[in-house]
$ cat work04.csv   # CSV, C-alpha atoms
chain,number,residue,atom,x,y,z
A,229,MET,CA,0.0,0.0,0.0
A,230,ILE,CA,1.4,3.4,-1.1
A,231,GLN,CA,1.4,6.0,1.7
A,232,LEU,CA,0.9,9.4,0.1
A,233,GLU,CA,-0.2,12.7,1.5
A,234,PRO,CA,-4.0,12.9,0.8
A,235,SER,CA,-4.1,16.0,-1.4
A,236,TRP,CA,-1.4,14.5,-3.6
A,237,LEU,CA,-3.1,11.1,-3.6
A,238,LYS,CA,-6.2,12.7,-4.9
A,239,VAL,CA,-4.3,14.3,-7.8
A,240,LEU,CA,-2.1,11.3,-8.6
A,241,GLN,CA,-4.4,8.4,-8.1
A,242,PRO,CA,-4.9,8.0,-11.9
A,243,GLU,CA,-1.1,7.5,-12.3
A,244,PHE,CA,-1.0,4.8,-9.6
A,245,ASP,CA,-3.8,3.0,-11.5
A,246,ALA,CA,-2.2,3.3,-15.0
A,247,PRO,CA,-0.5,0.3,-16.6
A,248,TYR,CA,2.9,2.0,-16.8
A,249,PHE,CA,2.9,2.4,-13.0
A,250,GLN,CA,2.1,-1.3,-12.5
A,251,GLN,CA,5.1,-2.1,-14.7
A,252,LEU,CA,7.2,0.3,-12.6
A,253,ARG,CA,6.2,-1.4,-9.4
A,254,SER,CA,7.1,-4.8,-10.8
A,255,PHE,CA,10.5,-3.4,-11.9
A,256,LEU,CA,11.1,-2.1,-8.4
A,257,VAL,CA,10.1,-5.4,-6.7
A,258,GLN,CA,12.6,-7.2,-9.0
A,259,GLU,CA,15.3,-4.6,-8.4
A,260,ARG,CA,15.0,-4.7,-4.6
A,261,SER,CA,15.2,-8.5,-4.7
A,262,GLN,CA,18.6,-8.3,-6.4
A,263,TYR,CA,20.2,-5.0,-5.5
A,264,VAL,CA,20.3,-2.4,-2.8
A,265,CYS,CA,18.2,0.6,-3.9
A,266,PHE,CA,17.8,4.1,-2.5
A,267,PRO,CA,16.0,5.8,-0.8
A,268,LYS,CA,14.3,3.3,1.5
A,269,GLY,CA,10.7,2.5,0.7
A,270,SER,CA,9.2,4.8,3.3
A,271,LEU,CA,11.0,7.8,1.8
A,272,ILE,CA,10.3,7.3,-1.9
A,273,PHE,CA,7.4,9.8,-1.8
A,274,GLU,CA,8.9,12.0,0.9
A,275,ALA,CA,8.8,15.2,-1.3
A,276,PHE,CA,5.0,14.8,-1.7
A,277,ASN,CA,4.5,13.8,1.9
A,278,ARG,CA,6.5,16.8,3.2
A,279,THR,CA,4.8,19.4,0.9
A,280,PRO,CA,1.1,18.9,0.3
A,281,PHE,CA,-0.3,19.8,-3.2
A,282,ASN,CA,-2.2,22.9,-2.0
A,283,GLN,CA,0.8,24.2,-0.1
A,284,VAL,CA,3.4,24.2,-2.9
A,285,LYS,CA,4.9,27.6,-3.4
A,286,ALA,CA,8.1,26.8,-5.2
A,287,VAL,CA,9.5,23.7,-7.0
A,288,ILE,CA,13.1,22.6,-7.3
A,289,ILE,CA,13.7,19.7,-9.7
A,290,GLY,CA,16.5,17.2,-9.5
A,291,GLN,CA,17.3,14.3,-11.7
A,292,ASP,CA,17.6,11.2,-9.5
A,293,PRO,CA,18.4,10.4,-5.9
A,294,TYR,CA,21.9,10.2,-4.5
A,295,HIS,CA,23.2,6.7,-5.1
A,296,GLU,CA,25.6,6.2,-2.2
A,297,PRO,CA,24.7,4.7,1.2
A,298,GLY,CA,23.1,7.1,3.7
A,299,GLN,CA,22.6,10.0,1.3
A,300,ALA,CA,19.1,9.7,-0.3
A,301,GLU,CA,16.1,10.8,1.7
A,302,GLY,CA,13.5,11.5,-0.9
A,303,LEU,CA,14.1,15.3,-1.2
A,304,CYS,CA,16.2,16.4,-4.2
A,305,PHE,CA,19.6,17.8,-3.2
A,306,SER,CA,19.0,17.1,0.5
A,307,VAL,CA,21.0,14.7,2.7
A,308,PRO,CA,20.2,13.5,6.2
A,309,LYS,CA,21.7,15.2,9.3
A,310,GLY,CA,25.3,14.1,9.8
A,311,VAL,CA,25.9,13.1,6.2
A,312,ALA,CA,28.6,14.9,4.3
A,313,VAL,CA,27.2,17.6,2.0
A,314,PRO,CA,27.6,16.7,-1.7
A,315,PRO,CA,29.3,19.2,-4.0
A,316,SER,CA,26.2,20.5,-5.8
A,317,LEU,CA,24.5,21.3,-2.5
A,318,VAL,CA,27.7,23.0,-1.3
A,319,ASN,CA,27.4,25.3,-4.3
A,320,ILE,CA,23.7,25.9,-3.6
A,321,ILE,CA,24.6,26.9,-0.1
A,322,LYS,CA,27.3,29.2,-1.4
A,323,GLU,CA,24.8,30.9,-3.7
A,324,ILE,CA,22.3,31.4,-0.9
A,325,ASN,CA,24.9,33.0,1.3
A,326,ALA,CA,26.0,35.3,-1.5
A,327,ASP,CA,22.4,36.1,-2.6
A,328,LEU,CA,20.8,36.6,0.8
A,329,GLY,CA,23.8,37.6,2.9
A,330,MET,CA,23.4,34.5,5.0
A,331,GLN,CA,26.1,32.4,6.7
A,332,LEU,CA,24.9,28.9,6.2
A,333,SER,CA,27.4,26.1,6.9
A,334,PRO,CA,28.4,24.0,3.9
A,335,GLN,CA,28.7,21.1,6.3
A,336,TYR,CA,24.9,20.7,6.8
A,337,GLY,CA,22.5,19.8,4.1
A,338,HIS,CA,19.1,18.5,5.5
A,339,LEU,CA,16.5,20.6,3.6
A,340,SER,CA,13.3,19.5,5.3
A,341,HIS,CA,12.9,23.1,6.6
A,342,TRP,CA,12.4,24.2,3.0
A,343,ALA,CA,10.0,21.4,2.2
A,344,ASP,CA,7.9,22.2,5.2
A,345,GLN,CA,7.4,25.7,4.0
A,346,GLY,CA,6.2,24.8,0.5
A,347,VAL,CA,9.3,24.0,-1.5
A,348,LEU,CA,8.6,20.8,-3.5
A,349,LEU,CA,12.1,19.1,-3.7
A,350,LEU,CA,11.3,16.8,-6.5
A,351,ASN,CA,13.6,14.3,-8.3
A,352,ALA,CA,12.4,13.3,-11.7
A,353,THR,CA,13.3,9.7,-10.9
A,354,LEU,CA,12.4,8.7,-7.3
A,355,THR,CA,14.6,5.6,-6.9
A,356,VAL,CA,18.1,4.5,-7.9
A,357,ARG,CA,20.3,1.4,-7.6
A,358,ALA,CA,23.2,1.7,-5.2
A,359,HIS,CA,26.4,3.1,-6.8
A,360,GLN,CA,24.7,3.4,-10.2
A,361,ALA,CA,23.5,6.9,-11.1
A,362,GLY,CA,20.6,7.0,-13.4
A,363,SER,CA,20.0,3.3,-13.1
A,364,HIS,CA,16.2,3.7,-12.7
A,365,GLN,CA,15.7,6.3,-15.4
A,366,ASN,CA,13.2,5.6,-18.2
A,367,LYS,CA,11.3,3.0,-16.2
A,368,GLY,CA,8.2,5.1,-15.6
A,369,TRP,CA,9.2,7.5,-12.8
A,370,GLU,CA,9.5,10.4,-15.2
A,371,GLN,CA,6.0,9.9,-16.5
A,372,PHE,CA,4.8,10.0,-12.9
A,373,THR,CA,6.7,13.1,-11.8
A,374,ASP,CA,5.8,14.9,-15.1
A,375,ALA,CA,2.2,14.2,-14.2
A,376,ALA,CA,2.7,15.9,-10.8
A,377,ILE,CA,4.3,18.9,-12.5
A,378,ARG,CA,1.4,19.2,-15.0
A,379,ALA,CA,-1.1,19.0,-12.1
A,380,LEU,CA,0.6,21.9,-10.3
A,381,SER,CA,0.7,23.8,-13.6
A,382,CYS,CA,-3.0,23.3,-14.4
A,383,GLN,CA,-4.6,23.4,-10.9
A,384,ARG,CA,-2.5,25.9,-9.0
A,385,GLN,CA,-1.3,29.4,-9.7
A,386,GLY,CA,1.8,31.6,-8.9
A,387,ILE,CA,4.3,28.8,-8.2
A,388,VAL,CA,8.0,29.6,-8.7
A,389,PHE,CA,9.7,26.8,-10.6
A,390,MET,CA,13.5,26.8,-10.2
A,391,LEU,CA,15.1,24.8,-13.0
A,392,TRP,CA,18.8,24.2,-12.8
A,393,GLY,CA,20.6,22.5,-15.7
A,394,SER,CA,19.5,21.3,-19.1
A,395,TYR,CA,17.6,18.3,-17.7
A,396,ALA,CA,15.4,20.4,-15.4
A,397,ILE,CA,15.0,23.2,-17.9
A,398,ARG,CA,13.4,20.8,-20.4
A,399,LYS,CA,10.5,20.5,-17.9
A,400,LYS,CA,9.5,24.0,-19.0
A,401,GLU,CA,7.2,22.5,-21.6
A,402,LEU,CA,5.1,21.1,-18.8
A,403,ILE,CA,4.5,24.4,-17.1
A,404,ASP,CA,1.9,27.1,-18.1
A,405,THR,CA,4.0,30.3,-18.0
A,406,SER,CA,0.8,32.4,-18.0
A,407,ARG,CA,0.0,31.0,-14.5
A,408,HIS,CA,3.5,30.4,-13.0
A,409,PHE,CA,7.0,31.8,-12.9
A,410,ILE,CA,10.1,30.0,-14.2
A,411,LEU,CA,13.7,30.7,-13.1
A,412,THR,CA,16.5,28.9,-15.0
A,413,ALA,CA,20.2,28.6,-14.5
A,414,PRO,CA,23.1,26.2,-15.1
A,415,HIS,CA,23.3,23.2,-12.8
A,416,PRO,CA,25.0,23.8,-9.4
A,417,SER,CA,27.4,21.0,-9.9
A,418,PRO,CA,31.2,21.8,-9.8
A,419,LEU,CA,31.3,21.3,-13.6
A,420,SER,CA,28.8,24.0,-14.4
A,421,ALA,CA,28.1,26.3,-11.4
A,422,TYR,CA,30.6,28.9,-12.6
A,423,ARG,CA,28.7,29.2,-15.9
A,424,GLY,CA,25.9,31.1,-14.3
A,425,PHE,CA,24.5,29.3,-11.3
A,426,PHE,CA,26.7,31.4,-9.1
A,427,GLY,CA,25.1,34.9,-9.3
A,428,CYS,CA,21.7,33.7,-10.5
A,429,LYS,CA,20.1,35.1,-7.3
A,430,HIS,CA,17.2,32.6,-7.6
A,431,PHE,CA,16.5,32.6,-3.9
A,432,SER,CA,15.9,36.3,-3.5
A,433,GLN,CA,14.0,36.3,-6.9
A,434,CYS,CA,11.8,33.5,-5.7
A,435,ASN,CA,10.9,35.4,-2.5
A,436,ALA,CA,10.2,38.6,-4.4
A,437,LEU,CA,7.8,36.8,-6.8
A,438,LEU,CA,6.0,35.2,-3.8
A,439,GLN,CA,5.8,38.4,-1.9
A,440,GLN,CA,4.4,40.2,-5.0
A,441,GLN,CA,1.5,37.8,-4.8
A,442,GLY,CA,0.9,38.6,-1.1
A,443,MET,CA,2.6,35.3,0.1
A,444,SER,CA,5.4,35.0,2.6
A,445,GLY,CA,8.8,34.2,1.1
A,446,ILE,CA,10.8,31.1,1.9
A,447,ASP,CA,13.2,31.1,4.9
A,448,TRP,CA,16.2,29.5,3.1
A,449,ASN,CA,18.0,28.8,6.3
A,450,ILE,CA,19.1,25.2,7.0
A,451,PRO,CA,18.7,24.8,10.7
A,452,LEU,CA,21.4,22.8,12.5
A,453,ASP,CA,18.9,21.1,14.9
$ encode --input "work04.csv" --output "structure tokens"
Amino acid sequence: MIQLEPSWLKVLQPEFDAPYFQQLRSFLVQERSQYVCFPKGSLIFEAFNRTPFNQVKAVIIGQDPYHEPGQAEGLCFSVPKGVAVPPSLVNIIKEINADLGMQLSPQYGHLSHWADQGVLLLNATLTVRAHQAGSHQNKGWEQFTDAAIRALSCQRQGIVFMLWGSYAIRKKELIDTSRHFILTAPHPSPLSAYRGFFGCKHFSQCNALLQQQGMSGIDWNIPLD
């Protein structure tokens, strides 16, 4: 039985009932019988469970979960407390500090505080085989998460989509730009952050766009406790 936050379950039930999702479930059962996969089952839908459909204010899209032990926790870019912060997230923290004049530590990367405020931290693929990046791509997850993005686009208004890197930027075609805001930048990985992620100021821009609509901005702090 899939445990999903009720507002998201209402929106996504047709996807769970679709043939492609049944095939995806069969694939995952087979994978888990042969390999270690991340994140653990209870955290696969953590992004949805942390951020209800009607409370989404901003969306950050990742590609697939971290594939090394202890890292993946169902929120894109986020790692559990006590886990070393991966390079892309280190660069995200650097940009927040530069953009907002904060002093966040690059040694702490658990982002549930963002998710609890309405930032949907969505990976396009929700599972991965240990040590093999991208190993669960093109098995059905992308169809499922695209459906979630389309639902937000059609049924909500004024969401800020923060799309980093070519993979995430391609999701623009799913979003109604007459209803929502899209911010794009290179990916924050060490390979591309210096091509324009640094200096993009997406965090202050996101808050300005939310505040223009009478909503509170996001507290981009990453609490230590």
$ closest_residue --input "work04.csv" --among "A:Ser333, A:Asn325, A:Thr279, A:Thr355" --to "Glu301 (chain A)" --atoms "only C-alpha atoms"
A:Thr355
$ residues_near_point --input "work04.csv" --point "(9.0, 31.8, -13.1)" --cutoff "6 Å" --atoms "all atoms listed in the file" --output "compact mmCIF listing (two decimals) with C-alpha atoms, in the frame of the given file"
# COMPACT_ATOMS: atom_id res chain seq x y z
CA VAL A 388 8.00 29.60 -8.70
CA PHE A 389 9.70 26.80 -10.60
CA HIS A 408 3.50 30.40 -13.00
CA PHE A 409 7.00 31.80 -12.90
CA ILE A 410 10.10 30.00 -14.20
CA LEU A 411 13.70 30.70 -13.10
$ residues_around --input "work04.csv" --residues "Phe255 (chain A)" --least-positions-apart "6" --cutoff "12 Å" --atoms "all atoms listed in the file" --output "MDAnalysis selection string"
chainID A and resid 248:249 261:263 265 355:357 363:369
$ atom_distance --input "work04.csv" --atom1 "CA of Gln345 (chain A)" --atom2 "CA of Gly393 (chain A)"
23.9 Å
$ atom_distance --input "work04.csv" --atom1 "CA of Gln440 (chain A)" --atom2 "CA of Leu402 (chain A)"
23.6 Å
$ decode --input "work04.csv" --residues "region 339-357 of chain A" --atoms "N, CA, C and O atoms" --output "PDB file, in the first residue's frame"
ATOM      1  N   LEU A 339      17.345  19.475   4.103  1.00  0.00           N
ATOM      2  CA  LEU A 339      16.531  20.578   3.597  1.00  0.00           C
ATOM      3  C   LEU A 339      15.048  20.463   3.938  1.00  0.00           C
ATOM      4  O   LEU A 339      14.212  21.108   3.290  1.00  0.00           O
ATOM      5  N   SER A 340      14.703  19.688   4.941  1.00  0.00           N
ATOM      6  CA  SER A 340      13.281  19.520   5.261  1.00  0.00           C
ATOM      7  C   SER A 340      12.625  20.842   5.659  1.00  0.00           C
ATOM      8  O   SER A 340      11.416  21.026   5.470  1.00  0.00           O
ATOM      9  N   HIS A 341      13.396  21.784   6.202  1.00  0.00           N
ATOM     10  CA  HIS A 341      12.859  23.094   6.570  1.00  0.00           C
ATOM     11  C   HIS A 341      12.282  23.798   5.341  1.00  0.00           C
ATOM     12  O   HIS A 341      11.263  24.491   5.434  1.00  0.00           O
ATOM     13  N   TRP A 342      12.927  23.639   4.192  1.00  0.00           N
ATOM     14  CA  TRP A 342      12.391  24.209   2.951  1.00  0.00           C
ATOM     15  C   TRP A 342      11.104  23.499   2.549  1.00  0.00           C
ATOM     16  O   TRP A 342      10.108  24.134   2.214  1.00  0.00           O
ATOM     17  N   ALA A 343      11.149  22.170   2.578  1.00  0.00           N
ATOM     18  CA  ALA A 343       9.986  21.388   2.153  1.00  0.00           C
ATOM     19  C   ALA A 343       8.762  21.699   3.010  1.00  0.00           C
ATOM     20  O   ALA A 343       7.633  21.797   2.509  1.00  0.00           O
ATOM     21  N   ASP A 344       8.984  21.891   4.306  1.00  0.00           N
ATOM     22  CA  ASP A 344       7.874  22.160   5.221  1.00  0.00           C
ATOM     23  C   ASP A 344       7.251  23.534   4.984  1.00  0.00           C
ATOM     24  O   ASP A 344       6.127  23.791   5.424  1.00  0.00           O
ATOM     25  N   GLN A 345       7.976  24.413   4.291  1.00  0.00           N
ATOM     26  CA  GLN A 345       7.446  25.747   3.982  1.00  0.00           C
ATOM     27  C   GLN A 345       6.775  25.828   2.613  1.00  0.00           C
ATOM     28  O   GLN A 345       6.269  26.876   2.232  1.00  0.00           O
ATOM     29  N   GLY A 346       6.815  24.731   1.849  1.00  0.00           N
ATOM     30  CA  GLY A 346       6.166  24.759   0.548  1.00  0.00           C
ATOM     31  C   GLY A 346       7.089  24.647  -0.641  1.00  0.00           C
ATOM     32  O   GLY A 346       6.677  24.907  -1.774  1.00  0.00           O
ATOM     33  N   VAL A 347       8.348  24.259  -0.417  1.00  0.00           N
ATOM     34  CA  VAL A 347       9.274  24.031  -1.529  1.00  0.00           C
ATOM     35  C   VAL A 347       9.248  22.544  -1.867  1.00  0.00           C
ATOM     36  O   VAL A 347       9.724  21.711  -1.083  1.00  0.00           O
ATOM     37  N   LEU A 348       8.690  22.201  -3.019  1.00  0.00           N
ATOM     38  CA  LEU A 348       8.643  20.807  -3.458  1.00  0.00           C
ATOM     39  C   LEU A 348      10.018  20.434  -4.015  1.00  0.00           C
ATOM     40  O   LEU A 348      10.434  20.950  -5.054  1.00  0.00           O
ATOM     41  N   LEU A 349      10.705  19.556  -3.315  1.00  0.00           N
ATOM     42  CA  LEU A 349      12.067  19.144  -3.698  1.00  0.00           C
ATOM     43  C   LEU A 349      11.954  17.826  -4.448  1.00  0.00           C
ATOM     44  O   LEU A 349      12.102  16.744  -3.894  1.00  0.00           O
ATOM     45  N   LEU A 350      11.699  17.926  -5.745  1.00  0.00           N
ATOM     46  CA  LEU A 350      11.259  16.787  -6.547  1.00  0.00           C
ATOM     47  C   LEU A 350      12.346  16.264  -7.471  1.00  0.00           C
ATOM     48  O   LEU A 350      12.808  16.980  -8.369  1.00  0.00           O
ATOM     49  N   ASN A 351      12.749  15.025  -7.272  1.00  0.00           N
ATOM     50  CA  ASN A 351      13.571  14.350  -8.265  1.00  0.00           C
ATOM     51  C   ASN A 351      12.670  13.797  -9.370  1.00  0.00           C
ATOM     52  O   ASN A 351      11.578  13.288  -9.096  1.00  0.00           O
ATOM     53  N   ALA A 352      13.137  13.870 -10.620  1.00  0.00           N
ATOM     54  CA  ALA A 352      12.353  13.327 -11.726  1.00  0.00           C
ATOM     55  C   ALA A 352      12.234  11.815 -11.632  1.00  0.00           C
ATOM     56  O   ALA A 352      11.211  11.225 -11.995  1.00  0.00           O
ATOM     57  N   THR A 353      13.281  11.167 -11.141  1.00  0.00           N
ATOM     58  CA  THR A 353      13.283   9.727 -10.885  1.00  0.00           C
ATOM     59  C   THR A 353      13.369   9.543  -9.373  1.00  0.00           C
ATOM     60  O   THR A 353      14.219  10.153  -8.740  1.00  0.00           O
ATOM     61  N   LEU A 354      12.506   8.721  -8.808  1.00  0.00           N
ATOM     62  CA  LEU A 354      12.390   8.681  -7.349  1.00  0.00           C
ATOM     63  C   LEU A 354      13.179   7.565  -6.681  1.00  0.00           C
ATOM     64  O   LEU A 354      13.235   7.510  -5.450  1.00  0.00           O
ATOM     65  N   THR A 355      13.800   6.688  -7.458  1.00  0.00           N
ATOM     66  CA  THR A 355      14.626   5.628  -6.884  1.00  0.00           C
ATOM     67  C   THR A 355      15.881   5.443  -7.730  1.00  0.00           C
ATOM     68  O   THR A 355      15.964   5.913  -8.871  1.00  0.00           O
ATOM     69  N   VAL A 356      16.852   4.719  -7.175  1.00  0.00           N
ATOM     70  CA  VAL A 356      18.101   4.463  -7.887  1.00  0.00           C
ATOM     71  C   VAL A 356      18.759   3.222  -7.291  1.00  0.00           C
ATOM     72  O   VAL A 356      18.581   2.920  -6.102  1.00  0.00           O
ATOM     73  N   ARG A 357      19.502   2.493  -8.106  1.00  0.00           N
ATOM     74  CA  ARG A 357      20.284   1.360  -7.617  1.00  0.00           C
ATOM     75  C   ARG A 357      21.571   1.884  -6.979  1.00  0.00           C
ATOM     76  O   ARG A 357      22.179   2.832  -7.485  1.00  0.00           O
TER      77      ARG A 357
END
